[in-house]
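Have a look at the structure below before the remarks.
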Amino acid sequence: MKARFATVFALAAGLTVLTAGPALADDPVPFNGAYVVDAAGVLDGDTASVDSALDALYSQAGVQLFVVYVDEFTNPVSPIDWADATAEANGLGTDDLLLAVAVSQRQYALSVAADVSLTDAQLDAAERAIEAELRDDNWGQAAIAGAHSLAAEPGSTPETGSTAGGVPVLPIVAGAAVIGIGAFAIYRLRRRSDGGARNDVPVESVSQEELDRRAGSALVDLDDALKTSEQELGFAQAQFGAAATATFETSLAEATAAVAQAFRIRQTLDDSVQETADQKRAMTIEIIELCERADALLDAQAATFDELRQLETNAPAVLAETSTLLASAASRIPTTEAALSALVARYAPAAVEAVADNSARSQTLLAAAVASSNAANGAIEAQKPSEAAVAVRKAQAELGQAVQLMDAVDSLTAELQSAEKELESAIADTAGDIAAARALPSDSTSEALQPSIANAEAALAAAQANTNNPVSSLSVIGDANAALEAVFVGVRDQQAAIAHAAIQLSPALAAAQSRITTTAQFITTRRGGVGSAARTRISEADREFKQALALQASDPVTALVHARQADQLAASAYDLAQRDVSEFSTQSAASGGILGGLGSSRGMGGGDLLGGVIGGLIGGSLGSRSSRSSSSTSWGGSSRSGGSRSSGRSRTGGSSRRSGGGRSRGGRF
């Protein structure tokens, strides 16, 4: 979830330039007065352009960037430790940065002194520029891009600030546009507090309890990121076309498959079969690894996707398009309200409760989107492109959520109408089954089956009395047919049993599909307050339903089992989601709301939940998606005296603390 802007820099230990050769292990090295050291031979002896960029950086910002390319980091093997050790061994000063790249390992690290004059936002922007080039094996250009980014005016790279509750403000597009939305900042802060520094500890070294916590947090975060990415993809496709977003669409599909597999493993852990301690640990680690893979798939497209959505430059055009979509969405409100009124008049409250407040929530979100659009327009007129970009994106998120809520009403209307027709057939079929069961020859076997027949008759009567809740009644009829199945086992031949299952399968699939759709929409539109248990159940329900669809032609008997299981899991997911939302709303009301007032609408009886939903939306679609933590590094104390370069640059002297703190960063590219 978050673009993986791994803040990674380690200094070019000053070796003389070496020629390319086989991959070698490299200990921290002295740079002996050099500013660019190419021990891996990737620059082919041409360091002039890199030197020029480093000179310009020092002239403009008073900051020195040292660069080293090696094959591998050894002694120590950690990229950050290697970079810090090299910086300290060479006496680098407070405003000296060290970018180290291990070419064969595809790792890099940034050694940064604790009291460097640069902000975290400036370092983040430089990191993104460096990583984008390293991913394409543009070795020299990576150092040049980092130097240019660090030399930029501070105003063009957002500094750490705060909105509601002093939450950090993070970059949105290419490190230039500032995200000033408290909800997003809180969303990121929640993820950090859930994962925090301890997520840098290898899974082999942590307890099962910690693994469970990580897995649950990862499932929720990735599920939210997928939902937000789907919406973001829709906006981009509408603006730029399918061809321009095809790669991101592919990555999104692969990430979705990985998360679905993770939910399947979680469901296995949650079922009644008890795994051994070793099995549980291995399965939990697999969940974490699948989530990390999904995160990496999304992050691989983040830079390109952000460039595609350059709202800073396109804000006026995008705002005009958003305003048109807003007007179209607003015109749907009367139709949605009429559809809700018709649903309430025709069906039982339990049948429509999932969408009962969707119209009111849509109106609140549309009003918020209008306000955001007005803010964006004001920012454009004031020539504040960063603020305009943030406001436009916020308006898009609010609009998208409102449209989803209205679509859910239309979807439920169609599902209930379809369920009514299926219910008529299911009632007739069940009544016929009961008659056939009673017509069996009277013997000891049929006498033993009388309780099952009586239960089926009771279930049939209940369904006939509750036709105004067709989805629930379809489930009741399914249970009745399941009970009657025992009557016919061993009595009907296999062909008749298959034919009977095929008849039952259609209403069972209709009931499961309707319940899955309703529950999934309920979770999606209130995901700010829904935990991993409900998400796991609905993911498993969807898997069971797809199994039923795949088997309906070849094995209707087994398909029927999957369809009923899907229906039961979806019902369980809905109950869990309702409980989570209720608890979320209660806690939020008690604390006065966690989102600093964003999207609040207490008069609706769920304003803080609404804010939480917007937080989930904005959280996955704005700014950095980096899930790397920088807390595994540290600062200590080392005196770093400087020398001088022939160009006139002098290394900053004084003491610089690097090991044992938290500003050096590292990772893979």
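So you can find residues: chains in the structure tokens are A, B, ... in the order shown, residues in each start at 1, and ligands are numbered from 1 in order.
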Legend entry - Distance query A:Ser539 at most 8 Å, only C-alpha atoms, self and fewer than 6 positions along chain excluded, as a VMD selection string: chain A and resid 260 263 to 264
Output N, CA and C atoms for every residue in that selection, as a compact mmCIF listing (two decimals), in the first residue's frame.
# COMPACT_ATOMS: atom_id res chain seq x y z
N ALA A 260 -5.84 -12.51 -2.44
CA ALA A 260 -6.89 -13.53 -2.32
C ALA A 260 -6.32 -14.83 -1.77
N PHE A 263 -5.78 -14.38 1.94
CA PHE A 263 -7.03 -14.52 2.68
C PHE A 263 -7.44 -16.00 2.80
N ARG A 264 -7.18 -16.77 1.74
CA ARG A 264 -7.51 -18.20 1.78
C ARG A 264 -6.72 -18.89 2.88
Legend entry - Spatial neighbours of stretch 451-467 of chain A, 12 Å, only C-alpha atoms, chain gap at least 5 places, as a PyMOL selection string: chain A and resi 346-351+416-417+419-440+445-446+472-488
Those same residues - C-alpha atoms - I'd like them written as a short mmCIF file (atom, residue, chain, number, x, y, z; two decimals), in the first residue's frame.
data_model
loop_
_atom_site.label_atom_id
_atom_site.label_comp_id
_atom_site.auth_asym_id
_atom_site.auth_seq_id
_atom_site.Cartn_x
_atom_site.Cartn_y
_atom_site.Cartn_z
CA ARG A 346 -41.41 -3.79 -1.10
CA TYR A 347 -38.90 -5.68 1.05
CA ALA A 348 -38.22 -6.41 4.69
CA PRO A 349 -35.87 -4.03 6.59
CA ALA A 350 -33.26 -6.79 6.90
CA ALA A 351 -33.19 -7.14 3.11
CA LEU A 416 -33.57 -8.73 -4.99
CA GLN A 417 -35.71 -8.81 -8.11
CA ALA A 419 -33.93 -13.49 -6.00
CA GLU A 420 -37.72 -13.17 -6.01
CA LYS A 421 -37.95 -15.13 -9.25
CA GLU A 422 -35.52 -17.74 -8.01
CA LEU A 423 -37.46 -18.06 -4.76
CA GLU A 424 -40.66 -18.98 -6.58
CA SER A 425 -38.91 -21.86 -8.33
CA ALA A 426 -37.12 -22.94 -5.15
CA ILE A 427 -40.36 -23.09 -3.16
CA ALA A 428 -42.03 -25.22 -5.82
CA ASP A 429 -39.00 -27.52 -6.05
CA THR A 430 -38.79 -27.99 -2.29
CA ALA A 431 -42.52 -28.69 -2.02
CA GLY A 432 -42.08 -31.38 -4.67
CA ASP A 433 -39.16 -32.89 -2.80
CA ILE A 434 -41.20 -33.08 0.39
CA ALA A 435 -44.04 -34.79 -1.48
CA ALA A 436 -41.60 -37.27 -3.02
CA ALA A 437 -40.10 -38.01 0.37
CA ARG A 438 -43.53 -38.69 1.87
CA ALA A 439 -44.32 -40.97 -1.04
CA LEU A 440 -41.46 -43.32 -0.22
CA THR A 445 -35.91 -46.35 6.74
CA SER A 446 -38.69 -43.93 5.87
CA SER A 472 -32.68 -14.88 3.18
CA SER A 473 -35.59 -17.10 2.14
CA LEU A 474 -33.48 -18.61 -0.63
CA SER A 475 -30.94 -19.57 2.02
CA VAL A 476 -33.69 -21.17 4.12
CA ILE A 477 -34.90 -23.14 1.11
CA GLY A 478 -31.34 -24.25 0.51
CA ASP A 479 -31.12 -25.61 4.04
CA ALA A 480 -34.43 -27.43 3.54
CA ASN A 481 -33.20 -29.06 0.34
CA ALA A 482 -29.93 -30.01 2.06
CA ALA A 483 -31.89 -31.77 4.81
CA LEU A 484 -34.02 -33.56 2.27
CA GLU A 485 -30.96 -34.71 0.39
CA ALA A 486 -30.49 -37.41 3.01
CA VAL A 487 -33.90 -38.74 2.08
CA PHE A 488 -32.86 -39.44 -1.45
#
Inset, instruction - Work out how far apart atom CA of A:Asp580 and atom CA of A:Val530 are and give it in Å to one decimal. - result: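 Separation between atom CA of A:Asp580 and atom CA of A:Val530: 5.3 Å.
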Legend entry - Residues near stretch 503-514 of chain A, cut-off 6 Å, only C-alpha atoms, skip fewer than 6 positions along chain, as a PyMOL selection string: chain A and resi 415+422+471+474+560+563+566-567
Legend entry - Closest of A:Leu252, A:Trp82, A:Gln60, A:Trp139 to A:Asp44 - atom-to-atom distances counting only C-alpha atoms: A:Trp139
Inset, instruction - Quick one: pull the distance between atom CA of A:Gln274 and atom CA of A:Ser207, Å, one decimal. - result: 18.6 Å
Legend entry - Exercise: stretch 62-65 of chain A partners within 6 Å, only C-alpha atoms, chain neighbours under 6 positions left out, as number ranges by chain: A: 95-98
